[in-house]
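Engineer: Have a look at this one before I ask anything.
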Amino acid sequence: MTTPQPPKLFAPQEPIFPRRVSGFFRTLKWWIMAVTLGIYYLTPWIRWDRGPALPDQAVLIDMAHRRFYFFWIEIWPHEFYFVAGLLIMAGLGLFLFTSALGRVWCGYACPQTVWTDLFILVERWIEGDRNARVRLWKAGWNFRKWRMRITKWAVWLLIAVATGGAWVFYFTDAPTLARDLIAGTAHPVAYSTIAVLTATTFVFGGFMREQICIYMCPWPRIQGAMMDDDTLTVAYRDWRGEPRAKKRLEGTGDCIDCMACVNVCPMGIDIREGQQMECITCALCIDACDDVMTKIGKPRGLIDYLALADEPEERAGKPPKPVWKHVLRTRTVLYTTLWSLIGFGLVFALFIRADIDLTVEPVRNPQYIVMSDGSVRNTYTLRLRNKHGEPRDFEISLTSDAALQLSLEGVDTNVMTVAPDSTTQARVYVISAPQDAAATMGTTALRLWVEDVESGERAHRDTVFNGKDQ
Amino acid sequence: MSDPKKHQDIDKETGVETTGHEWDGIKELNNPLPRWWLWTFYLCIVWGVGYMIAYPAWPLINGATAGVLGYSTRGEVAAEIDRYKEQNADLTSALAEVELASLGDDEALNRFAVAAGGAVFRTNCSQCHGSGAAGAKGYPNLLDDDWLWGGTIEDIAYTVNHGIRNETDLDAHWSQMPAFGDVLEKEEISQVVHYVMSLSSTEHDATLATAGAVIFDEQCSSCHGVNAEGDTSMGAPNLGDAIWLYGGDEATLTETVTYSRFGVMPAWGPRLTPSDVNAVAAYVHQLGGGE
């Protein structure tokens, strides 16, 4: 008996040369690419006036000052739940789209797909379409190959630098940083971030491409859980196409085995083999096949968005169920409901966000002290946030059933000034005269009021006064 | 070896080659990983070796190998502390030389002083005066408006610098109440205790108090004042207010009068830097009772 040849456990990367294609989905993808890249590159440059003390960048993640600005919304660290809520919505949105339309995120909007698409566009522009690129790949390293490769890499590198460069603009004032970057005076973190993102963009978009989706990304493995037979996804109507044959003979299917769907595929797979993990549902094979079907005078849709649940009907020659019946099912309704609930919750929370943001913390170490005249004093730590771009004066007062006196440490008036875009902490003393009930009782309810001196807006917090009878 | 394809074992169901491993009839399919994955694995090993050389890595009996870069987290903390010290150098030297009475005029310096003083207090003072500065029996409460040796910021700084009744600093506050158990009869002590209790409107025996007033005038008023209002220049407490360092009940007062008290505070001048003394004075001054 011969020992079997040990199998190879590691395989080299198969080069893929996607052919140019045109059609509805390709056009749609160009538009999506233009919009998403446009948003990514241009957003940091939008200005938004917030007054002199605050940055005028519309979208800014200000790590140093712990602020997140999004147009008219300003998020402080203690309001991070807004960001968490948005992330949950993004997750549920992804679930919803995946259960209804399969891997639309992967196929249309994922940065890996968008940038790879852009890199392939550059590649095609410099080195030519599929056949030319295959020839170039097989050719030896002559002058022409070097010239084309270097030109291509140079353009890729430019895109990669622009990509890494745009990223850092989200974290500090874009025009200032742009000047500093060019002058060489920007912070080393800015340069190293750009360098890392340039490298990842260049390598991921230029060389790794489908390897990222197949071997590195967890999402393709997870989303199988969100899809079922009613999910509309890119598939091949094998009952219509098979048996495939290059020659039109009696009994052959519509598929003429022209390999157009395989040649345009950026993942290098054959959609006719059915659903597979590598397929990012970019729908380019639909465009390619429709093109061929039109040419040979057959109806389009041999490869199409379809639900696997329709297969029996379609095989029997009946029309498939209407799209809305596939989309509208318990799972999608549930995802939509959860998504909207969180969305409404966030919008609601955003609108009821208090304009005067304060916390009152009674000092418990000690709970109270006795003054020399026998009166009892409690201390409270008051934190006031001013989210406006100008300083604000706040008058502090209290209401209570008991007779209590209020004063602030360090100032004669009961007015405290809070600098723009900052939090100020003040110590508030509340005193009860020795003979008064609050001094001798256990606890007395009291309400601390804060009033914007200029606008008259008020806010309050309820707390308690601790007397001697603890 | 002849044609390798001849010996390949192909799984019928999937059409995928197997590794040739078989367990009870179950065969392992061979879906090869991409080769670059293998290269990242080798790269990680190279990186790991480099890391072990560059950074502290191998545990030894005492400590670990240091690494050629000489990095340590402790060193990083020390560097950071030095960096902050350097950043605050101007404020620290200004605080060491500041005229304490006018510290409040310089908002930035005052804020720095109070923050720094809080740290000094929690490290050095809280053991006796409490983390909330509320004191305890025999250890004055620093939050109230009653001061034995004066409550202005300069008074506080002096007390911190020199301490009270310690034998290490000749400039320490020093006063000593006699133990009146050697001077007065028990009955007289009882009378004077009731008089003192009457001053702060505590429940007392009026007859004893009337007799005690005479003794107080003779024995106590020279330090505590004719009206028992105390004297901060000699650390004599005000006996008419509602605040008692050791307690205002009859038994405690009798003990205080009979045996006297001898509270000691160390001199912090030699232990703290001038700026730290000023900082902790500023901190204590703004706790709510500063004068």
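Quick note on naming: the chains in the structure tokens go A, B, ... in the order shown, residues restart at 1 in each chain, and ligands are numbered from 1 in order of appearance.
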Mind listing as a ChimeraX atom specification which residues of chain B are within 7 Å of chain A, counting only C-alpha atoms?

Structural biologist: /B:4,7-8,19,30,32-35,132,134,144-146,241-243,288

Engineer: Restricting it to C-alpha atoms, dump the selection as an mmCIF file, in the first residue's frame.

Structural biologist:
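Final output, part_9.cif:
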```
data_model
loop_
_atom_site.group_PDB
_atom_site.id
_atom_site.type_symbol
_atom_site.label_atom_id
_atom_site.label_comp_id
_atom_site.auth_asym_id
_atom_site.auth_seq_id
_atom_site.Cartn_x
_atom_site.Cartn_y
_atom_site.Cartn_z
ATOM 1 C CA PRO B 4 0.433 12.816 -6.333
ATOM 2 C CA HIS B 7 -3.018 9.152 -3.981
ATOM 3 C CA GLN B 8 -5.291 12.036 -3.150
ATOM 4 C CA THR B 19 -6.023 15.328 5.016
ATOM 5 C CA ASN B 30 -8.531 19.803 3.822
ATOM 6 C CA PRO B 32 -6.209 24.971 2.987
ATOM 7 C CA LEU B 33 -5.653 28.305 4.683
ATOM 8 C CA PRO B 34 -4.168 31.078 2.568
ATOM 9 C CA ARG B 35 -0.393 31.045 2.633
ATOM 10 C CA GLY B 132 -13.442 64.818 55.675
ATOM 11 C CA ALA B 134 -14.365 66.679 60.653
ATOM 12 C CA ASP B 144 -16.504 74.724 61.655
ATOM 13 C CA ASP B 145 -15.922 78.371 62.554
ATOM 14 C CA ASP B 146 -14.222 77.676 65.884
ATOM 15 C CA ASP B 241 -20.049 78.305 72.178
ATOM 16 C CA ALA B 242 -21.610 75.026 71.117
ATOM 17 C CA ILE B 243 -18.349 73.340 70.159
ATOM 18 C CA GLY B 288 -16.025 76.356 55.465
#
```

Engineer: Please return as JSON, numbers by chain: the residues of region 83-207 of chain B that backbone DSSP assigns to helix (DSSP H, G or I).

Structural biologist: {"B": [83, 84, 85, 86, 87, 89, 90, 91, 92, 93, 94, 95, 96, 97, 100, 101, 102, 103, 104, 105, 107, 108, 109, 110, 111, 112, 113, 114, 115, 116, 117, 118, 119, 120, 121, 122, 123, 124, 126, 127, 128, 129, 153, 154, 155, 156, 157, 158, 159, 160, 161, 162, 180, 181, 182, 186, 187, 188, 189, 190, 191, 192, 193, 194, 195, 196, 197, 198, 199, 206, 207]}

Engineer: Since we have the selection now, will you write its residues out, keeping C-alpha atoms, as a compact mmCIF listing (two decimals), in the first residue's frame?

Structural biologist:
```txt
# COMPACT_ATOMS: atom_id res chain seq x y z
CA ARG B 83 6.60 66.01 33.80
CA TYR B 84 3.72 67.28 35.93
CA LYS B 85 6.14 68.72 38.47
CA GLU B 86 7.90 70.55 35.69
CA GLN B 87 4.59 71.77 34.28
CA ALA B 89 7.02 74.45 38.58
CA ASP B 90 5.96 78.08 38.11
CA LEU B 91 2.83 77.66 40.19
CA THR B 92 4.70 75.78 42.90
CA SER B 93 7.38 78.43 43.28
CA ALA B 94 4.75 81.20 43.20
CA LEU B 95 2.82 79.38 45.91
CA ALA B 96 5.92 79.04 48.09
CA GLU B 97 6.47 82.80 48.04
CA LEU B 100 -1.08 84.22 51.88
CA ALA B 101 -3.64 86.94 52.64
CA SER B 102 -3.78 87.86 48.97
CA LEU B 103 -3.81 84.29 47.65
CA GLY B 104 -7.54 84.57 46.91
CA ASP B 105 -6.88 87.36 44.40
CA GLU B 107 -7.68 82.66 40.95
CA ALA B 108 -5.43 80.20 39.11
CA LEU B 109 -2.90 80.00 41.95
CA ASN B 110 -5.67 79.62 44.52
CA ARG B 111 -7.27 76.78 42.59
CA PHE B 112 -3.89 75.06 42.31
CA ALA B 113 -3.23 75.61 46.04
CA VAL B 114 -6.58 74.15 47.11
CA ALA B 115 -6.19 71.11 44.87
CA ALA B 116 -2.60 70.49 45.95
CA GLY B 117 -3.52 71.17 49.58
CA GLY B 118 -6.28 68.58 49.41
CA ALA B 119 -3.70 65.99 48.41
CA VAL B 120 -1.32 67.08 51.16
CA PHE B 121 -4.15 66.96 53.69
CA ARG B 122 -5.32 63.49 52.74
CA THR B 123 -1.75 62.19 52.90
CA ASN B 124 -0.53 63.86 56.09
CA SER B 126 -6.35 62.91 57.65
CA GLN B 127 -4.94 60.35 60.09
CA CYS B 128 -5.96 62.62 62.99
CA HIS B 129 -8.35 65.17 61.53
CA ILE B 153 -5.01 81.64 56.47
CA GLU B 154 -1.77 82.94 58.05
CA ASP B 155 -2.78 81.53 61.46
CA ILE B 156 -3.45 78.15 59.86
CA ALA B 157 -0.13 78.21 58.00
CA TYR B 158 1.69 79.02 61.27
CA THR B 159 0.00 76.16 63.09
CA VAL B 160 0.83 73.76 60.27
CA ASN B 161 4.45 74.92 60.17
CA HIS B 162 5.18 74.78 63.88
CA PHE B 180 -7.13 71.83 88.71
CA GLY B 181 -7.47 68.59 90.62
CA ASP B 182 -4.34 69.73 92.47
CA LYS B 186 -13.89 68.38 94.19
CA GLU B 187 -16.87 70.50 95.15
CA GLU B 188 -15.29 73.59 93.66
CA ILE B 189 -14.57 71.74 90.44
CA SER B 190 -18.19 70.67 90.32
CA GLN B 191 -19.27 74.29 90.82
CA VAL B 192 -17.03 75.62 88.05
CA VAL B 193 -18.16 72.80 85.72
CA HIS B 194 -21.78 73.78 86.26
CA TYR B 195 -20.91 77.41 85.63
CA VAL B 196 -19.21 76.47 82.34
CA MET B 197 -22.23 74.40 81.39
CA SER B 198 -24.45 77.40 82.06
CA LEU B 199 -22.43 79.45 79.58
CA ALA B 206 -28.06 77.11 89.00
CA THR B 207 -26.84 77.19 92.61
```

Engineer: In terms of the shortest atom-to-atom distance over only C-alpha atoms, which of B:Gly150, B:Glu13, B:Cys125, B:Gly48 is closest to Gly230 (chain B)?

Structural biologist: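 For Gly230 (chain B), the nearest of the given residues is B:Gly150.
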
Engineer: Need the shell around Thr359 (chain A): protein/DNA/RNA residues with any atom at most 8 Å away, counting only C-alpha atoms. Skip same-chain ones fewer than 6 positions apart. Format as a tab-separated table (two decimals) with N, CA and C atoms, in the first residue's frame?

Structural biologist:
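Contents of around19.tsv, freshly written:
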```
chain	number	residue	atom	x	y	z
A	382	LEU	N	-22.05	70.91	44.40
A	382	LEU	CA	-22.91	71.21	43.26
A	382	LEU	C	-22.04	71.28	42.01
A	383	ARG	N	-22.41	70.49	41.02
A	383	ARG	CA	-21.69	70.54	39.75
A	383	ARG	C	-22.62	71.12	38.70
A	384	LEU	N	-22.16	72.15	38.03
A	384	LEU	CA	-22.97	72.82	37.01
A	384	LEU	C	-22.24	72.78	35.68
A	461	ARG	N	-32.77	70.26	41.91
A	461	ARG	CA	-32.48	68.90	42.36
A	461	ARG	C	-32.99	68.78	43.78
```

Engineer: Give me every strand (DSSP E) residue in region 10-189 of chain B, going by DSSP on the backbone, as a PyMOL selection string.

Structural biologist: chain B and resi 18-23+26-29+33-34
